[in-house]
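Structure below is data-v1.cif: mmCIF, C-alpha atoms.
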```
data_input
#
loop_
_atom_site.group_PDB
_atom_site.id
_atom_site.type_symbol
_atom_site.label_atom_id
_atom_site.label_comp_id
_atom_site.auth_asym_id
_atom_site.auth_seq_id
_atom_site.Cartn_x
_atom_site.Cartn_y
_atom_site.Cartn_z
ATOM 1 C CA MET S 1 0.000 0.000 0.000
ATOM 2 C CA ILE S 2 2.725 2.471 0.979
ATOM 3 C CA GLU S 3 4.712 1.832 -2.197
ATOM 4 C CA SER S 4 1.593 2.257 -4.337
ATOM 5 C CA LEU S 5 0.907 5.641 -2.697
ATOM 6 C CA ALA S 6 4.500 6.659 -3.340
ATOM 7 C CA SER S 7 4.254 5.517 -6.944
ATOM 8 C CA ILE S 8 1.349 7.953 -7.435
ATOM 9 C CA ALA S 9 2.744 10.758 -5.272
ATOM 10 C CA VAL S 10 6.196 10.962 -6.855
ATOM 11 C CA PRO S 11 5.149 11.783 -10.444
ATOM 12 C CA VAL S 12 2.372 14.142 -9.275
ATOM 13 C CA HIS S 13 4.814 15.826 -6.901
ATOM 14 C CA THR S 14 7.503 16.168 -9.547
ATOM 15 C CA ALA S 15 5.170 17.445 -12.273
ATOM 16 C CA SER S 16 3.310 19.935 -10.073
ATOM 17 C CA THR S 17 6.467 21.294 -8.454
ATOM 18 C CA LEU S 18 8.320 21.671 -11.750
ATOM 19 C CA ALA S 19 5.287 23.374 -13.289
ATOM 20 C CA LEU S 20 5.192 25.835 -10.377
ATOM 21 C CA PHE S 21 8.950 26.342 -10.586
ATOM 22 C CA GLY S 22 8.591 27.385 -14.228
ATOM 23 C CA LEU S 23 5.532 29.508 -13.538
ATOM 24 C CA ILE S 24 7.093 31.410 -10.627
ATOM 25 C CA TRP S 25 10.125 32.353 -12.717
ATOM 26 C CA LEU S 26 7.825 33.561 -15.506
ATOM 27 C CA VAL S 27 5.818 35.568 -12.984
ATOM 28 C CA GLN S 28 8.937 37.023 -11.349
ATOM 29 C CA ILE S 29 10.845 37.964 -14.495
ATOM 30 C CA VAL S 30 8.007 38.804 -16.910
ATOM 31 C CA HIS S 31 4.540 38.981 -15.438
ATOM 32 C CA TYR S 32 4.927 41.056 -12.257
ATOM 33 C CA PRO S 33 7.324 43.603 -13.792
ATOM 34 C CA LEU S 34 4.986 44.119 -16.762
ATOM 35 C CA MET S 35 2.147 45.081 -14.401
ATOM 36 C CA ALA S 36 3.699 48.534 -14.340
ATOM 37 C CA GLN S 37 2.990 48.894 -18.076
ATOM 38 C CA VAL S 38 -0.778 48.409 -17.831
ATOM 39 C CA GLY S 39 -1.509 52.004 -16.905
ATOM 40 C CA PRO S 40 -3.575 53.358 -14.001
ATOM 41 C CA ALA S 41 -6.828 53.726 -15.979
ATOM 42 C CA ALA S 42 -7.006 50.074 -17.024
ATOM 43 C CA PHE S 43 -5.148 48.542 -14.091
ATOM 44 C CA ARG S 44 -8.019 47.651 -11.770
ATOM 45 C CA ARG S 45 -9.953 45.755 -14.435
ATOM 46 C CA TRP S 46 -6.775 44.105 -15.715
ATOM 47 C CA HIS S 47 -5.730 43.052 -12.189
ATOM 48 C CA ASP S 48 -9.112 41.507 -11.368
ATOM 49 C CA ARG S 49 -9.136 39.475 -14.567
ATOM 50 C CA ASN S 50 -5.479 38.566 -14.179
ATOM 51 C CA LEU S 51 -6.008 37.200 -10.657
ATOM 52 C CA ARG S 52 -9.031 35.168 -11.716
ATOM 53 C CA LEU S 53 -7.281 33.607 -14.716
ATOM 54 C CA THR S 54 -3.987 33.038 -12.923
ATOM 55 C CA THR S 55 -5.787 31.208 -10.107
ATOM 56 C CA TRP S 56 -7.190 28.727 -12.643
ATOM 57 C CA VAL S 57 -3.653 27.932 -13.817
ATOM 58 C CA VAL S 58 -1.736 28.022 -10.537
ATOM 59 C CA GLY S 59 -4.387 26.721 -8.122
ATOM 60 C CA PRO S 60 -4.590 23.103 -9.328
ATOM 61 C CA PHE S 61 -0.796 22.797 -9.375
ATOM 62 C CA MET S 62 -0.512 24.205 -5.842
ATOM 63 C CA LEU S 63 -3.171 21.810 -4.559
ATOM 64 C CA ALA S 64 -1.530 18.854 -6.305
ATOM 65 C CA GLU S 65 1.844 19.883 -4.920
ATOM 66 C CA VAL S 66 0.685 20.150 -1.309
ATOM 67 C CA ALA S 67 -1.345 16.913 -1.511
ATOM 68 C CA SER S 68 1.534 14.958 -3.018
ATOM 69 C CA ALA S 69 4.013 16.450 -0.524
ATOM 70 C CA LEU S 70 1.766 15.255 2.310
ATOM 71 C CA LEU S 71 1.474 11.819 0.699
ATOM 72 C CA LEU S 72 5.255 11.621 0.493
ATOM 73 C CA LEU S 73 5.468 12.440 4.195
ATOM 74 C CA ALA S 74 2.979 9.667 5.003
ATOM 75 C CA ALA S 75 4.428 7.163 2.535
ATOM 76 C CA PRO S 76 7.997 8.043 1.615
ATOM 77 C CA PRO S 77 9.499 5.992 -1.225
ATOM 78 C CA SER S 78 12.005 3.433 0.016
ATOM 79 C CA HIS S 79 14.811 4.852 -2.141
ATOM 80 C CA VAL S 80 14.506 8.371 -0.658
ATOM 81 C CA ALA S 81 16.373 9.710 2.360
ATOM 82 C CA PRO S 82 13.743 10.267 5.071
ATOM 83 C CA TRP S 83 14.629 13.960 5.497
ATOM 84 C CA LEU S 84 13.841 14.842 1.859
ATOM 85 C CA PRO S 85 10.018 14.628 2.129
ATOM 86 C CA VAL S 86 10.228 16.575 5.401
ATOM 87 C CA LEU S 87 12.291 19.304 3.746
ATOM 88 C CA GLY S 88 9.908 19.309 0.788
ATOM 89 C CA ALA S 89 6.876 19.706 3.044
ATOM 90 C CA LEU S 90 8.542 22.508 5.024
ATOM 91 C CA LEU S 91 9.295 24.325 1.767
ATOM 92 C CA VAL S 92 5.667 23.918 0.643
ATOM 93 C CA LEU S 93 4.547 25.352 3.963
ATOM 94 C CA ALA S 94 6.938 28.274 3.517
ATOM 95 C CA VAL S 95 5.536 28.962 0.030
ATOM 96 C CA TRP S 96 1.972 29.002 1.357
ATOM 97 C CA VAL S 97 2.915 31.238 4.296
ATOM 98 C CA SER S 98 4.760 33.633 1.982
ATOM 99 C CA THR S 99 1.777 33.711 -0.346
ATOM 100 C CA ALA S 100 -0.689 34.398 2.488
ATOM 101 C CA VAL S 101 1.421 36.872 4.454
ATOM 102 C CA LEU S 102 3.336 38.737 1.743
ATOM 103 C CA GLN S 103 1.913 38.402 -1.764
ATOM 104 C CA VAL S 104 -1.843 38.224 -1.100
ATOM 105 C CA PRO S 105 -1.860 41.480 0.926
ATOM 106 C CA MET S 106 -0.045 43.268 -1.915
ATOM 107 C CA HIS S 107 -2.557 41.911 -4.432
ATOM 108 C CA ARG S 108 -5.369 43.120 -2.155
ATOM 109 C CA ARG S 109 -3.867 46.612 -2.216
ATOM 110 C CA LEU S 110 -3.558 46.442 -5.993
ATOM 111 C CA GLU S 111 -7.232 45.422 -6.310
ATOM 112 C CA ALA S 112 -8.122 48.984 -5.349
ATOM 113 C CA GLY S 113 -6.068 50.324 -8.247
ATOM 114 C CA TRP S 114 -2.502 50.930 -9.307
ATOM 115 C CA ASP S 115 -0.198 51.429 -6.331
ATOM 116 C CA PRO S 116 3.525 51.695 -7.196
ATOM 117 C CA ARG S 117 4.599 50.904 -3.633
ATOM 118 C CA ALA S 118 2.431 47.767 -3.426
ATOM 119 C CA HIS S 119 3.739 46.696 -6.829
ATOM 120 C CA ARG S 120 7.349 47.212 -5.755
ATOM 121 C CA LEU S 121 6.741 45.211 -2.545
ATOM 122 C CA LEU S 122 4.999 42.461 -4.523
ATOM 123 C CA VAL S 123 7.935 42.092 -6.910
ATOM 124 C CA ARG S 124 10.508 42.183 -4.098
ATOM 125 C CA SER S 125 8.662 39.806 -1.782
ATOM 126 C CA ASN S 126 8.026 37.381 -4.611
ATOM 127 C CA TRP S 127 11.760 36.680 -4.793
ATOM 128 C CA LEU S 128 11.202 34.657 -1.611
ATOM 129 C CA ARG S 129 8.639 32.412 -3.344
ATOM 130 C CA THR S 130 10.881 32.194 -6.400
ATOM 131 C CA GLY S 131 13.732 30.933 -4.215
ATOM 132 C CA LEU S 132 11.485 28.557 -2.303
ATOM 133 C CA TRP S 133 10.049 27.001 -5.473
ATOM 134 C CA THR S 134 13.536 26.736 -6.933
ATOM 135 C CA ALA S 135 14.583 24.784 -3.839
ATOM 136 C CA ARG S 136 11.355 22.739 -4.121
ATOM 137 C CA ALA S 137 12.283 21.795 -7.682
ATOM 138 C CA GLY S 138 15.622 20.469 -6.450
ATOM 139 C CA VAL S 139 13.918 18.459 -3.706
ATOM 140 C CA ALA S 140 11.288 17.085 -6.103
ATOM 141 C CA LEU S 141 13.965 15.996 -8.575
ATOM 142 C CA ALA S 142 15.971 14.369 -5.765
ATOM 143 C CA ILE S 143 12.879 12.465 -4.603
ATOM 144 C CA ALA S 144 12.081 11.413 -8.173
ATOM 145 C CA GLY S 145 15.564 9.959 -8.394
#
```

This structure in C-alpha cells:
Amino acid sequence: MIESLASIAVPVHTASTLALFGLIWLVQIVHYPLMAQVGPAAFRRWHDRNLRLTTWVVGPFMLAEVASALLLLAAPPSHVAPWLPVLGALLVLAVWVSTAVLQVPMHRRLEAGWDPRAHRLLVRSNWLRTGLWTARAGVALAIAG
C-alpha cells in the first residue's frame, strides 16, 4: 500500500512542483514587472481578470503539490532519504505562508487600483517564493531519483 501511494505521489509531486517552478520564474521575471505597463486607468480591471485567470492555472498545481508532498510524508518511497520529504513539506509550507502573508496582501492593495509601492513590494517579496520554489524543484527531482 505504501509503495503504491508513493508511486502515485512521486510523479504528481515532480510534475506539479516543476510546473510551479517554471511559472514562478515567468511571474517574477516577466509577469509582475509588466504590471507597471498596464496604466492606471485600465489597471483595476486588468488586475481583477489577471487574478481570476492566474488562479485557474496556478491553483490546481498548488493543490496537487501540497497533496503529493503530504502523501510523500505519510508514505515516503524506500529509495529516498527520510529527510527529503520533510524538507519538501517545510518548503511547501513556507511557500503558502509567503503567499498568504506577503503576496496576497499586496494583491489586495492592488485590487483597489494601481499602487507603485504595493507593486514594488509584490515584486521584491516574490523573490522569496521564487527561491522557495527553486529549492522545491531540487527536492522534487531528488525524490524522483

Contacts of stretch 45-50 of chain S at 10 Å or less, counting all atoms listed in the file, minus same-chain residues fewer than 2 places along, as an NGL selection string? :S and (35 or 38-43 or 52-55 or 107 or 110-114)

Write the residues of the selection above to a file with C-alpha atoms, as a PDB file, in the frame of the given file.
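Below is the file that was written, again.pdb:
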```pdb
ATOM      1  CA  MET S  35       2.147  45.081 -14.401  1.00  0.00           C
ATOM      2  CA  VAL S  38      -0.778  48.409 -17.831  1.00  0.00           C
ATOM      3  CA  GLY S  39      -1.509  52.004 -16.905  1.00  0.00           C
ATOM      4  CA  PRO S  40      -3.575  53.358 -14.001  1.00  0.00           C
ATOM      5  CA  ALA S  41      -6.828  53.726 -15.979  1.00  0.00           C
ATOM      6  CA  ALA S  42      -7.006  50.074 -17.024  1.00  0.00           C
ATOM      7  CA  PHE S  43      -5.148  48.542 -14.091  1.00  0.00           C
ATOM      8  CA  ARG S  52      -9.031  35.168 -11.716  1.00  0.00           C
ATOM      9  CA  LEU S  53      -7.281  33.607 -14.716  1.00  0.00           C
ATOM     10  CA  THR S  54      -3.987  33.038 -12.923  1.00  0.00           C
ATOM     11  CA  THR S  55      -5.787  31.208 -10.107  1.00  0.00           C
ATOM     12  CA  HIS S 107      -2.557  41.911  -4.432  1.00  0.00           C
ATOM     13  CA  LEU S 110      -3.558  46.442  -5.993  1.00  0.00           C
ATOM     14  CA  GLU S 111      -7.232  45.422  -6.310  1.00  0.00           C
ATOM     15  CA  ALA S 112      -8.122  48.984  -5.349  1.00  0.00           C
ATOM     16  CA  GLY S 113      -6.068  50.324  -8.247  1.00  0.00           C
ATOM     17  CA  TRP S 114      -2.502  50.930  -9.307  1.00  0.00           C
TER      18      TRP S 114
END
```

Could you give me, as CSV, a per-residue list for stretch 39-117 of chain S showing, wherever an atom lies at most 8 Å from an atom of stretch 5-21 of chain S, the closest pair of atoms and their distance in Å to one decimal, using all atoms listed in the file and sorting by chain then residue number from low to high?
```
residue,atom,partner,partner_atom,distance
S:Val58,CA,S:Leu20,CA,7.3
S:Phe61,CA,S:Ser16,CA,5.1
S:Met62,CA,S:Ser16,CA,7.1
S:Ala64,CA,S:Ser16,CA,6.2
S:Glu65,CA,S:Ser16,CA,5.4
S:Ser68,CA,S:Ala9,CA,4.9
S:Ala69,CA,S:His13,CA,6.5
S:Leu71,CA,S:Ala9,CA,6.2
S:Leu72,CA,S:Ala6,CA,6.3
S:Ala75,CA,S:Ala6,CA,5.9
S:Pro76,CA,S:Ala6,CA,6.2
S:Pro77,CA,S:Ala6,CA,5.5
```

Since I can't run it myself right now, could you work out what the PyMOL selection byres ((chain S and resi 91-96) around 8) selects here and report it as a PDB file with C-alpha atoms, in the frame of the given file?
```pdb
ATOM      1  CA  GLU S  65       1.844  19.883  -4.920  1.00  0.00           C
ATOM      2  CA  VAL S  66       0.685  20.150  -1.309  1.00  0.00           C
ATOM      3  CA  ALA S  69       4.013  16.450  -0.524  1.00  0.00           C
ATOM      4  CA  LEU S  87      12.291  19.304   3.746  1.00  0.00           C
ATOM      5  CA  GLY S  88       9.908  19.309   0.788  1.00  0.00           C
ATOM      6  CA  ALA S  89       6.876  19.706   3.044  1.00  0.00           C
ATOM      7  CA  LEU S  90       8.542  22.508   5.024  1.00  0.00           C
ATOM      8  CA  VAL S  97       2.915  31.238   4.296  1.00  0.00           C
ATOM      9  CA  SER S  98       4.760  33.633   1.982  1.00  0.00           C
ATOM     10  CA  THR S  99       1.777  33.711  -0.346  1.00  0.00           C
ATOM     11  CA  ALA S 100      -0.689  34.398   2.488  1.00  0.00           C
ATOM     12  CA  ARG S 129       8.639  32.412  -3.344  1.00  0.00           C
ATOM     13  CA  LEU S 132      11.485  28.557  -2.303  1.00  0.00           C
ATOM     14  CA  TRP S 133      10.049  27.001  -5.473  1.00  0.00           C
ATOM     15  CA  ALA S 135      14.583  24.784  -3.839  1.00  0.00           C
ATOM     16  CA  ARG S 136      11.355  22.739  -4.121  1.00  0.00           C
TER      17      ARG S 136
END
```

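Across the structure, atom CA of S:Ala144 and atom CA of S:Gln103 are spaced 29.5 Å apart.
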
Looking at only C-alpha atoms, which of S:Leu70, S:Leu26, S:Leu122, S:Ala137 is the one that sits closest to S:Met106? S:Leu122

Would you list the contacts of S:Leu84 as a list of chain:residue names, taking every protein, DNA or RNA residue within 8 Å and counting only C-alpha atoms, but skipping same-chain residues closer than 5 positions in sequence? S:Val139, S:Ala142, S:Ile143

Could you write out as a list in words the residues that the PyMOL selection byres ((chain S and resi 121) around 12) matches in the shown file?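 With the PyMOL selection byres ((chain S and resi 121) around 12) on this model, the match is Tyr32, Pro33, Leu102, Gln103, Val104, Pro105, Met106, His107, Arg109, Leu110, Asp115, Pro116, Arg117, Ala118, His119, Arg120, Leu122, Val123, Arg124, Ser125, Asn126, Trp127 and Leu128 of chain S.
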
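Reported to one decimal place, the separation of atom CA of S:Ala74 from atom CA of S:Val86 is 10.0 Å.
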
Report the distance between atom CA of S:Trp25 and atom CA of S:Val101 in Å, rounded to one decimal place.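 One can read the atom CA of S:Trp25 to atom CA of S:Val101 distance as 19.8 Å.
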
For S:Leu73, which residue among S:Pro85, S:Leu34, S:Gly138, S:Pro60 is the nearest when counting all atoms listed in the file?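 Of all the options, S:Pro85 lies closest to S:Leu73.
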
With 4 Å added on each side, what axis-aligned box encloses every listed atom of stretch 50-64 of chain S? Give the centre and edge lengths in Å to one decimal, as AutoDock Vina command-line options.
```
--center_x -4.8 --center_y 28.7 --center_z -9.6 --size_x 16.5 --size_y 27.7 --size_z 18.2
```

Would you mind telling me which residue in S:Leu23, S:Gly145, S:Gly131, S:Arg108 lies nearest to S:Val57 when using only C-alpha atoms?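 So, comparing all the options, the nearest one is S:Leu23.
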